[in-house]
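Asker: So here's upload09.pdb, just PDB, C-alpha atoms:
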```
ATOM      1  CA  MET A 903     -22.586 -10.133  -3.268  1.00  0.00           C
ATOM      2  CA  GLU A 904     -24.492  -6.979  -2.342  1.00  0.00           C
ATOM      3  CA  ILE A 905     -23.985  -5.311   1.018  1.00  0.00           C
ATOM      4  CA  ASN A 906     -26.094  -2.575   2.651  1.00  0.00           C
ATOM      5  CA  LEU A 907     -24.380  -0.225   5.072  1.00  0.00           C
ATOM      6  CA  LEU A 908     -26.418   2.107   7.290  1.00  0.00           C
ATOM      7  CA  VAL A 909     -24.202   4.730   8.876  1.00  0.00           C
ATOM      8  CA  GLY A 910     -24.735   7.661  11.234  1.00  0.00           C
ATOM      9  CA  GLY A 911     -25.945  11.055  10.148  1.00  0.00           C
ATOM     10  CA  PRO A 912     -29.701  11.682  10.051  1.00  0.00           C
ATOM     11  CA  VAL A 913     -30.593   7.979  10.212  1.00  0.00           C
ATOM     12  CA  SER A 914     -34.000   8.763  11.701  1.00  0.00           C
ATOM     13  CA  GLU A 915     -34.989  10.093   8.268  1.00  0.00           C
ATOM     14  CA  TRP A 916     -34.850   6.632   6.722  1.00  0.00           C
ATOM     15  CA  PRO A 917     -38.319   5.155   6.335  1.00  0.00           C
ATOM     16  CA  ALA A 918     -38.991   1.826   8.024  1.00  0.00           C
ATOM     17  CA  GLU A 919     -40.057   0.377   4.627  1.00  0.00           C
ATOM     18  CA  LEU A 920     -36.489   0.688   3.370  1.00  0.00           C
ATOM     19  CA  LEU A 921     -35.080  -1.150   6.336  1.00  0.00           C
ATOM     20  CA  LYS A 922     -37.683  -3.905   6.094  1.00  0.00           C
ATOM     21  CA  LYS A 923     -36.450  -4.951   2.655  1.00  0.00           C
ATOM     22  CA  ASN A 924     -34.361  -7.513   4.403  1.00  0.00           C
ATOM     23  CA  ASP A 925     -34.915 -10.783   2.536  1.00  0.00           C
ATOM     24  CA  GLY A 926     -31.545 -12.419   2.832  1.00  0.00           C
ATOM     25  CA  GLN A 927     -29.725  -9.086   2.562  1.00  0.00           C
ATOM     26  CA  ILE A 928     -26.511  -8.355   4.409  1.00  0.00           C
ATOM     27  CA  TRP A 929     -26.816  -5.259   6.593  1.00  0.00           C
ATOM     28  CA  ILE A 930     -23.887  -3.542   8.327  1.00  0.00           C
ATOM     29  CA  GLY A 931     -24.551  -0.847  10.926  1.00  0.00           C
ATOM     30  CA  ALA A 932     -22.106   1.930  11.760  1.00  0.00           C
ATOM     31  CA  ASP A 933     -22.601   3.699  15.097  1.00  0.00           C
ATOM     32  CA  ARG A 934     -26.175   5.105  15.234  1.00  0.00           C
ATOM     33  CA  GLY A 935     -26.907   3.184  12.061  1.00  0.00           C
ATOM     34  CA  ALA A 936     -26.463  -0.093  13.966  1.00  0.00           C
ATOM     35  CA  LEU A 937     -28.937   1.098  16.592  1.00  0.00           C
ATOM     36  CA  ARG A 938     -31.413   2.067  13.871  1.00  0.00           C
ATOM     37  CA  LEU A 939     -31.171  -1.428  12.370  1.00  0.00           C
ATOM     38  CA  VAL A 940     -31.800  -3.337  15.585  1.00  0.00           C
ATOM     39  CA  GLN A 941     -34.666  -1.006  16.486  1.00  0.00           C
ATOM     40  CA  ASN A 942     -36.274  -2.046  13.203  1.00  0.00           C
ATOM     41  CA  GLY A 943     -35.809  -5.759  13.830  1.00  0.00           C
ATOM     42  CA  ILE A 944     -32.778  -6.220  11.582  1.00  0.00           C
ATOM     43  CA  GLN A 945     -29.771  -8.075  12.948  1.00  0.00           C
ATOM     44  CA  PRO A 946     -26.575  -6.461  11.635  1.00  0.00           C
ATOM     45  CA  ALA A 947     -23.997  -8.903  10.332  1.00  0.00           C
ATOM     46  CA  ILE A 948     -21.515  -6.422  11.813  1.00  0.00           C
ATOM     47  CA  ALA A 949     -22.002  -3.389  14.099  1.00  0.00           C
ATOM     48  CA  ILE A 950     -19.148  -0.886  14.012  1.00  0.00           C
ATOM     49  CA  GLY A 951     -18.347   2.367  15.798  1.00  0.00           C
ATOM     50  CA  ASP A 952     -17.354   4.138  18.976  1.00  0.00           C
ATOM     51  CA  PHE A 953     -21.025   4.435  20.055  1.00  0.00           C
ATOM     52  CA  ASP A 954     -20.102   7.528  22.072  1.00  0.00           C
ATOM     53  CA  SER A 955     -23.434   9.182  21.236  1.00  0.00           C
ATOM     54  CA  SER A 956     -25.479   6.176  22.424  1.00  0.00           C
ATOM     55  CA  THR A 957     -26.693   5.495  25.936  1.00  0.00           C
ATOM     56  CA  LYS A 958     -25.562   2.379  27.813  1.00  0.00           C
ATOM     57  CA  GLU A 959     -28.994   0.845  27.212  1.00  0.00           C
ATOM     58  CA  GLU A 960     -28.711   1.510  23.476  1.00  0.00           C
ATOM     59  CA  GLN A 961     -25.197   0.058  23.357  1.00  0.00           C
ATOM     60  CA  ASP A 962     -26.405  -3.068  25.166  1.00  0.00           C
ATOM     61  CA  LEU A 963     -29.267  -3.396  22.691  1.00  0.00           C
ATOM     62  CA  VAL A 964     -26.833  -3.302  19.755  1.00  0.00           C
ATOM     63  CA  ARG A 965     -24.485  -5.820  21.381  1.00  0.00           C
ATOM     64  CA  ARG A 966     -27.300  -8.288  22.070  1.00  0.00           C
ATOM     65  CA  ASN A 967     -28.694  -8.095  18.552  1.00  0.00           C
ATOM     66  CA  SER A 968     -25.606  -7.996  16.310  1.00  0.00           C
ATOM     67  CA  LYS A 969     -23.693 -10.991  14.992  1.00  0.00           C
ATOM     68  CA  LYS A 970     -20.327  -9.209  15.325  1.00  0.00           C
ATOM     69  CA  ILE A 971     -19.191  -6.048  17.091  1.00  0.00           C
ATOM     70  CA  TYR A 972     -16.192  -3.857  16.303  1.00  0.00           C
ATOM     71  CA  THR A 973     -15.674  -1.122  18.880  1.00  0.00           C
ATOM     72  CA  ALA A 974     -13.627   1.884  17.777  1.00  0.00           C
ATOM     73  CA  LYS A 975     -11.929   4.559  19.850  1.00  0.00           C
ATOM     74  CA  PRO A 976     -13.725   7.920  19.798  1.00  0.00           C
ATOM     75  CA  GLU A 977     -10.501   9.692  18.780  1.00  0.00           C
ATOM     76  CA  LYS A 978     -10.099   7.613  15.596  1.00  0.00           C
ATOM     77  CA  ASP A 979      -9.127   9.513  12.432  1.00  0.00           C
ATOM     78  CA  ASP A 980     -11.464   7.659  10.067  1.00  0.00           C
ATOM     79  CA  THR A 981     -15.137   8.503   9.612  1.00  0.00           C
ATOM     80  CA  ASP A 982     -17.533   5.757  10.683  1.00  0.00           C
ATOM     81  CA  THR A 983     -18.223   5.138   6.985  1.00  0.00           C
ATOM     82  CA  GLU A 984     -14.560   4.640   6.144  1.00  0.00           C
ATOM     83  CA  LEU A 985     -13.962   2.411   9.152  1.00  0.00           C
ATOM     84  CA  ALA A 986     -17.038   0.341   8.323  1.00  0.00           C
ATOM     85  CA  LEU A 987     -15.885  -0.150   4.733  1.00  0.00           C
ATOM     86  CA  LYS A 988     -12.433  -1.263   5.854  1.00  0.00           C
ATOM     87  CA  ILE A 989     -14.029  -3.907   8.055  1.00  0.00           C
ATOM     88  CA  VAL A 990     -16.422  -4.953   5.275  1.00  0.00           C
ATOM     89  CA  PHE A 991     -13.458  -5.538   2.952  1.00  0.00           C
ATOM     90  CA  GLU A 992     -11.748  -7.604   5.655  1.00  0.00           C
ATOM     91  CA  ASN A 993     -14.807  -9.796   6.230  1.00  0.00           C
ATOM     92  CA  PHE A 994     -16.344 -10.288   2.780  1.00  0.00           C
ATOM     93  CA  GLN A 995     -14.998 -11.373  -0.595  1.00  0.00           C
ATOM     94  CA  ASN A 996     -16.357 -10.982  -4.137  1.00  0.00           C
ATOM     95  CA  ILE A 997     -18.353  -7.838  -3.376  1.00  0.00           C
ATOM     96  CA  ASP A 998     -20.350  -6.623  -6.394  1.00  0.00           C
ATOM     97  CA  ARG A 999     -22.050  -3.593  -4.864  1.00  0.00           C
ATOM     98  CA  ILE A1000     -22.076  -1.646  -1.599  1.00  0.00           C
ATOM     99  CA  ASN A1001     -25.100   0.569  -0.862  1.00  0.00           C
ATOM    100  CA  ILE A1002     -24.250   3.181   1.762  1.00  0.00           C
ATOM    101  CA  PHE A1003     -27.293   4.886   3.282  1.00  0.00           C
ATOM    102  CA  GLY A1004     -26.894   8.188   5.137  1.00  0.00           C
ATOM    103  CA  ALA A1005     -23.189   8.847   4.550  1.00  0.00           C
ATOM    104  CA  THR A1006     -23.710  12.487   3.619  1.00  0.00           C
ATOM    105  CA  GLY A1007     -24.813  13.276   7.165  1.00  0.00           C
ATOM    106  CA  GLY A1008     -24.845  16.828   8.441  1.00  0.00           C
ATOM    107  CA  ARG A1009     -21.121  17.475   8.907  1.00  0.00           C
ATOM    108  CA  ILE A1010     -19.174  18.845   5.967  1.00  0.00           C
ATOM    109  CA  ASP A1011     -15.899  17.276   7.168  1.00  0.00           C
ATOM    110  CA  HIS A1012     -17.492  13.829   7.123  1.00  0.00           C
ATOM    111  CA  LEU A1013     -19.079  14.429   3.723  1.00  0.00           C
ATOM    112  CA  LEU A1014     -15.761  15.479   2.164  1.00  0.00           C
ATOM    113  CA  ALA A1015     -13.933  12.577   3.801  1.00  0.00           C
ATOM    114  CA  ASN A1016     -16.534  10.163   2.452  1.00  0.00           C
ATOM    115  CA  LEU A1017     -16.159  11.562  -1.065  1.00  0.00           C
ATOM    116  CA  PHE A1018     -12.394  11.283  -1.114  1.00  0.00           C
ATOM    117  CA  PHE A1019     -11.898   7.953   0.650  1.00  0.00           C
ATOM    118  CA  VAL A1020     -12.385   6.246  -2.722  1.00  0.00           C
ATOM    119  CA  LEU A1021      -8.915   7.417  -3.762  1.00  0.00           C
ATOM    120  CA  ARG A1022      -7.176   5.511  -0.963  1.00  0.00           C
ATOM    121  CA  LYS A1023      -6.342   1.856  -0.858  1.00  0.00           C
ATOM    122  CA  PRO A1024      -8.205  -0.454  -0.706  1.00  0.00           C
ATOM    123  CA  PHE A1025     -11.161   1.740  -1.682  1.00  0.00           C
ATOM    124  CA  TYR A1026     -10.038   2.564  -5.222  1.00  0.00           C
ATOM    125  CA  GLU A1027     -10.482  -1.082  -6.183  1.00  0.00           C
ATOM    126  CA  TYR A1028     -14.165  -0.811  -5.196  1.00  0.00           C
ATOM    127  CA  ALA A1029     -14.804   2.796  -6.235  1.00  0.00           C
ATOM    128  CA  ASP A1030     -17.235   1.974  -9.029  1.00  0.00           C
ATOM    129  CA  LYS A1031     -19.106  -0.467  -6.772  1.00  0.00           C
ATOM    130  CA  ILE A1032     -19.864   2.082  -4.031  1.00  0.00           C
ATOM    131  CA  PHE A1033     -23.204   3.935  -4.057  1.00  0.00           C
ATOM    132  CA  ILE A1034     -24.055   6.553  -1.419  1.00  0.00           C
ATOM    133  CA  PHE A1035     -27.664   7.578  -0.785  1.00  0.00           C
ATOM    134  CA  ASP A1036     -29.535  10.064   1.319  1.00  0.00           C
ATOM    135  CA  ARG A1037     -33.030  11.504   0.903  1.00  0.00           C
ATOM    136  CA  PHE A1038     -31.880  14.110  -1.607  1.00  0.00           C
ATOM    137  CA  ASN A1039     -28.746  12.788  -3.315  1.00  0.00           C
ATOM    138  CA  THR A1040     -27.320   9.697  -4.973  1.00  0.00           C
ATOM    139  CA  ILE A1041     -23.528   9.669  -5.220  1.00  0.00           C
ATOM    140  CA  ASN A1042     -21.584   7.272  -7.471  1.00  0.00           C
ATOM    141  CA  PHE A1043     -17.902   7.031  -8.360  1.00  0.00           C
ATOM    142  CA  TYR A1044     -16.517   6.202 -11.791  1.00  0.00           C
ATOM    143  CA  LYS A1045     -13.204   5.093 -13.251  1.00  0.00           C
ATOM    144  CA  PRO A1046     -12.307   5.858 -16.903  1.00  0.00           C
ATOM    145  CA  GLY A1047     -14.783   4.528 -19.443  1.00  0.00           C
ATOM    146  CA  THR A1048     -18.105   5.204 -21.138  1.00  0.00           C
ATOM    147  CA  TYR A1049     -21.276   5.108 -19.051  1.00  0.00           C
ATOM    148  CA  THR A1050     -25.019   5.522 -19.322  1.00  0.00           C
ATOM    149  CA  ILE A1051     -26.796   6.518 -16.118  1.00  0.00           C
ATOM    150  CA  GLN A1052     -30.508   6.308 -15.410  1.00  0.00           C
ATOM    151  CA  LYS A1053     -32.255   9.327 -13.931  1.00  0.00           C
ATOM    152  CA  GLU A1054     -33.705   8.530 -10.530  1.00  0.00           C
ATOM    153  CA  LYS A1055     -37.137   9.745  -9.512  1.00  0.00           C
ATOM    154  CA  ASP A1056     -37.244  13.505  -8.871  1.00  0.00           C
ATOM    155  CA  LYS A1057     -33.442  13.816  -9.231  1.00  0.00           C
ATOM    156  CA  LYS A1058     -32.990  15.794 -12.412  1.00  0.00           C
ATOM    157  CA  TYR A1059     -29.830  17.671 -11.411  1.00  0.00           C
ATOM    158  CA  LEU A1060     -26.367  16.268 -12.045  1.00  0.00           C
ATOM    159  CA  ALA A1061     -22.919  17.289 -10.839  1.00  0.00           C
ATOM    160  CA  PHE A1062     -19.733  15.835 -12.297  1.00  0.00           C
ATOM    161  CA  VAL A1063     -17.017  16.398  -9.710  1.00  0.00           C
ATOM    162  CA  PRO A1064     -13.442  15.336 -10.592  1.00  0.00           C
ATOM    163  CA  LEU A1065     -11.674  13.853  -7.562  1.00  0.00           C
ATOM    164  CA  THR A1066      -8.384  13.865  -9.512  1.00  0.00           C
ATOM    165  CA  SER A1067      -7.228  15.475 -12.711  1.00  0.00           C
ATOM    166  CA  VAL A1068      -9.556  14.191 -15.439  1.00  0.00           C
ATOM    167  CA  GLU A1069      -8.990  14.069 -19.196  1.00  0.00           C
ATOM    168  CA  LYS A1070     -11.438  14.173 -22.095  1.00  0.00           C
ATOM    169  CA  LEU A1071     -14.658  14.327 -20.106  1.00  0.00           C
ATOM    170  CA  SER A1072     -17.550  14.329 -22.579  1.00  0.00           C
ATOM    171  CA  LEU A1073     -21.203  14.831 -21.659  1.00  0.00           C
ATOM    172  CA  VAL A1074     -23.221  14.217 -24.795  1.00  0.00           C
ATOM    173  CA  ASP A1075     -26.796  13.858 -23.542  1.00  0.00           C
ATOM    174  CA  GLU A1076     -27.079  16.324 -20.673  1.00  0.00           C
ATOM    175  CA  LYS A1077     -28.402  19.871 -20.876  1.00  0.00           C
ATOM    176  CA  TYR A1078     -24.932  21.461 -20.963  1.00  0.00           C
ATOM    177  CA  ARG A1079     -22.731  19.513 -23.357  1.00  0.00           C
ATOM    178  CA  LEU A1080     -18.981  18.997 -22.899  1.00  0.00           C
ATOM    179  CA  ASP A1081     -16.642  17.638 -25.574  1.00  0.00           C
ATOM    180  CA  GLU A1082     -13.412  16.001 -24.350  1.00  0.00           C
ATOM    181  CA  LYS A1083     -12.726  18.681 -21.762  1.00  0.00           C
ATOM    182  CA  ASN A1084      -9.729  18.304 -19.421  1.00  0.00           C
ATOM    183  CA  PHE A1085      -9.916  19.295 -15.750  1.00  0.00           C
ATOM    184  CA  ASN A1086      -6.987  19.956 -13.478  1.00  0.00           C
ATOM    185  CA  PHE A1087      -7.498  19.170  -9.817  1.00  0.00           C
ATOM    186  CA  PRO A1088      -8.767  20.856  -7.695  1.00  0.00           C
ATOM    187  CA  VAL A1089     -11.668  22.165  -9.720  1.00  0.00           C
ATOM    188  CA  SER A1090     -15.403  22.526  -9.245  1.00  0.00           C
ATOM    189  CA  LEU A1091     -17.565  21.466 -12.155  1.00  0.00           C
ATOM    190  CA  ALA A1092     -20.851  23.297 -12.655  1.00  0.00           C
ATOM    191  CA  SER A1093     -24.065  21.374 -12.186  1.00  0.00           C
ATOM    192  CA  ASN A1094     -25.781  19.798 -15.152  1.00  0.00           C
ATOM    193  CA  GLU A1095     -29.277  18.481 -15.845  1.00  0.00           C
ATOM    194  CA  PHE A1096     -30.860  15.445 -17.417  1.00  0.00           C
ATOM    195  CA  VAL A1097     -32.761  16.191 -20.616  1.00  0.00           C
ATOM    196  CA  GLY A1098     -34.273  12.702 -20.797  1.00  0.00           C
ATOM    197  CA  GLU A1099     -34.455   9.615 -18.619  1.00  0.00           C
ATOM    198  CA  LYS A1100     -30.842   8.655 -19.292  1.00  0.00           C
ATOM    199  CA  GLY A1101     -27.518  10.409 -19.712  1.00  0.00           C
ATOM    200  CA  LYS A1102     -24.256   9.316 -21.309  1.00  0.00           C
ATOM    201  CA  PHE A1103     -20.739  10.429 -20.427  1.00  0.00           C
ATOM    202  CA  SER A1104     -17.164   9.289 -20.868  1.00  0.00           C
ATOM    203  CA  PHE A1105     -13.618  10.163 -19.824  1.00  0.00           C
ATOM    204  CA  THR A1106     -10.157   8.636 -20.259  1.00  0.00           C
ATOM    205  CA  THR A1107      -8.213   9.234 -17.008  1.00  0.00           C
ATOM    206  CA  GLY A1108      -8.931  10.028 -13.372  1.00  0.00           C
ATOM    207  CA  VAL A1109     -11.828   9.439 -10.968  1.00  0.00           C
ATOM    208  CA  VAL A1110     -15.145  11.267 -11.300  1.00  0.00           C
ATOM    209  CA  CYS A1111     -17.823  11.596  -8.630  1.00  0.00           C
ATOM    210  CA  VAL A1112     -21.345  11.945 -10.069  1.00  0.00           C
ATOM    211  CA  ILE A1113     -24.093  13.349  -7.850  1.00  0.00           C
ATOM    212  CA  GLN A1114     -27.779  13.195  -8.714  1.00  0.00           C
ATOM    213  CA  SER A1115     -29.803  15.700  -6.689  1.00  0.00           C
ATOM    214  CA  LYS A1116     -33.341  16.872  -6.120  1.00  0.00           C
ATOM    215  CA  ASP A1117     -34.215  20.534  -6.569  1.00  0.00           C
TER     216      ASP A1117
END
```
Please, can you express the file's structure as structure tokens?

Answerer:
Amino acid sequence: MEINLLVGGPVSEWPAELLKKNDGQIWIGADRGALRLVQNGIQPAIAIGDFDSSTKEEQDLVRRNSKKIYTAKPEKDDTDTELALKIVFENFQNIDRINIFGATGGRIDHLLANLFFVLRKPFYEYADKIFIFDRFNTINFYKPGTYTIQKEKDKKYLAFVPLTSVEKLSLVDEKYRLDEKNFNFPVSLASNEFVGEKGKFSFTTGVVCVIQSKD
């Protein structure tokens, strides 16, 4: 099962073509993301959020056009993304992939929270199934193993960011090679670059966040 989650942040930047790829797909809308979906003729399976930045007319529009509504308190501690994922896990089983559009937003506290939520239960179980997208970045999370990643269009820059202590991180195909390097947390890992259309890396312990970025 594949689930698409459109959250807040600069949702107006998302082209209508993306949102019209709706053939049998499951869409979840978080806060302004739910409004963006219904404005584009997509009925969210679930609409989630405090909707404190929406007008009464916009809130009514979301309520009329969503299959389910979860209303949160504005003073909640979770980001809309984290809250939406919790509700997704409660409502769906056998999830293979979750595409989160817009979760980088414009607020650094939300961005950091959305990077680190993968370390908390129940998110760790799904960490390698969560993909975060905005116009400039693609963010994936990896558990120990060996991986080959495909370079996305116009995203030649790579960042390998350990979210925990990481052992024996090897980058064999990228521009700046690493051989079984250990990283204590917290640490910032310098950006890297693709040298071809694919890149291979591996590590033995920890959780690594990989960010592909445009120039």

Asker: Run through the PyMOL selection byres ((chain A and resi 1092) around 9) on the given coordinates and return the selected residues as a PyMOL selection string.

Answerer: chain A and resi 1060-1063+1090-1091+1093-1094

Asker: Please tabulate, as JSON lines, the residues of region 1039-1094 of chain A that come within 10 Å of region 1014-1020 of chain A, each with its closest pair of atoms and the distance in Å to one decimal, counting only C-alpha atoms and ordering rows by chain, then residue number upward.

Answerer:
```
{"residue": "A:Ile1041", "atom": "CA", "partner": "A:Leu1017", "partner_atom": "CA", "distance": 8.7}
{"residue": "A:Asn1042", "atom": "CA", "partner": "A:Leu1017", "partner_atom": "CA", "distance": 9.4}
{"residue": "A:Phe1043", "atom": "CA", "partner": "A:Val1020", "partner_atom": "CA", "distance": 7.9}
{"residue": "A:Tyr1044", "atom": "CA", "partner": "A:Val1020", "partner_atom": "CA", "distance": 10.0}
{"residue": "A:Val1063", "atom": "CA", "partner": "A:Leu1017", "partner_atom": "CA", "distance": 9.9}
{"residue": "A:Leu1065", "atom": "CA", "partner": "A:Phe1018", "partner_atom": "CA", "distance": 7.0}
{"residue": "A:Thr1066", "atom": "CA", "partner": "A:Phe1018", "partner_atom": "CA", "distance": 9.7}
```

Asker: Selection in question (the file shown): the PyMOL selection byres ((chain A and resi 1099-1114) around 8). Which residues does it include, as a VMD selection string?

Answerer: chain A and resid 1017 1039 to 1054 1057 to 1076 1082 1096 to 1098 1115 to 1116

Asker: Can you work out the spacing between CA of Phe991 (chain A) and CA of Ile930 (chain A) in Å, to one decimal?

Answerer: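 Result for CA of Phe991 (chain A) versus CA of Ile930 (chain A): 11.9 Å, one decimal.
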
Asker: Using CA of Ile905 (chain A) and CA of Asp980 (chain A) as the two end points, give the distance in Å to one decimal.

Answerer: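 Distance between the two atoms: 20.2 Å.
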
Asker: Between CA of Tyr1026 (chain A) and CA of Leu987 (chain A), what is the distance, to one decimal in Å?

Answerer: 11.9 Å

Asker: Using the chain letters and residue numbers of this document, give as an mmCIF file with C-alpha atoms, in the coordinates of the input the residues selected by the PyMOL selection byres ((chain A and resi 1035) around 8).

Answerer:
```
data_model
loop_
_atom_site.group_PDB
_atom_site.id
_atom_site.type_symbol
_atom_site.label_atom_id
_atom_site.label_comp_id
_atom_site.auth_asym_id
_atom_site.auth_seq_id
_atom_site.Cartn_x
_atom_site.Cartn_y
_atom_site.Cartn_z
ATOM 1 C CA ASN A 1001 -25.100 0.569 -0.862
ATOM 2 C CA ILE A 1002 -24.250 3.181 1.762
ATOM 3 C CA PHE A 1003 -27.293 4.886 3.282
ATOM 4 C CA GLY A 1004 -26.894 8.188 5.137
ATOM 5 C CA ALA A 1005 -23.189 8.847 4.550
ATOM 6 C CA THR A 1006 -23.710 12.487 3.619
ATOM 7 C CA PHE A 1033 -23.204 3.935 -4.057
ATOM 8 C CA ILE A 1034 -24.055 6.553 -1.419
ATOM 9 C CA ASP A 1036 -29.535 10.064 1.319
ATOM 10 C CA ARG A 1037 -33.030 11.504 0.903
ATOM 11 C CA PHE A 1038 -31.880 14.110 -1.607
ATOM 12 C CA ASN A 1039 -28.746 12.788 -3.315
ATOM 13 C CA THR A 1040 -27.320 9.697 -4.973
ATOM 14 C CA ILE A 1041 -23.528 9.669 -5.220
#
```

Asker: Would you kindly identify which residues have an atom no farther than 10 Å from (-28.4, 2.3, 15.9), using only C-alpha atoms and the file's own coordinates, and write them out as a ChimeraX atom specification?

Answerer: /A:908-910,913-914,931-942,946,949-950,953,956,960-961,963-964

Asker: With C-alpha atoms retained, could you export that selection as a CSV table (one decimal), keeping the file's coordinate frame?

Answerer:
```csv
chain,number,residue,atom,x,y,z
A,908,LEU,CA,-26.4,2.1,7.3
A,909,VAL,CA,-24.2,4.7,8.9
A,910,GLY,CA,-24.7,7.7,11.2
A,913,VAL,CA,-30.6,8.0,10.2
A,914,SER,CA,-34.0,8.8,11.7
A,931,GLY,CA,-24.6,-0.8,10.9
A,932,ALA,CA,-22.1,1.9,11.8
A,933,ASP,CA,-22.6,3.7,15.1
A,934,ARG,CA,-26.2,5.1,15.2
A,935,GLY,CA,-26.9,3.2,12.1
A,936,ALA,CA,-26.5,-0.1,14.0
A,937,LEU,CA,-28.9,1.1,16.6
A,938,ARG,CA,-31.4,2.1,13.9
A,939,LEU,CA,-31.2,-1.4,12.4
A,940,VAL,CA,-31.8,-3.3,15.6
A,941,GLN,CA,-34.7,-1.0,16.5
A,942,ASN,CA,-36.3,-2.0,13.2
A,946,PRO,CA,-26.6,-6.5,11.6
A,949,ALA,CA,-22.0,-3.4,14.1
A,950,ILE,CA,-19.1,-0.9,14.0
A,953,PHE,CA,-21.0,4.4,20.1
A,956,SER,CA,-25.5,6.2,22.4
A,960,GLU,CA,-28.7,1.5,23.5
A,961,GLN,CA,-25.2,0.1,23.4
A,963,LEU,CA,-29.3,-3.4,22.7
A,964,VAL,CA,-26.8,-3.3,19.8
```
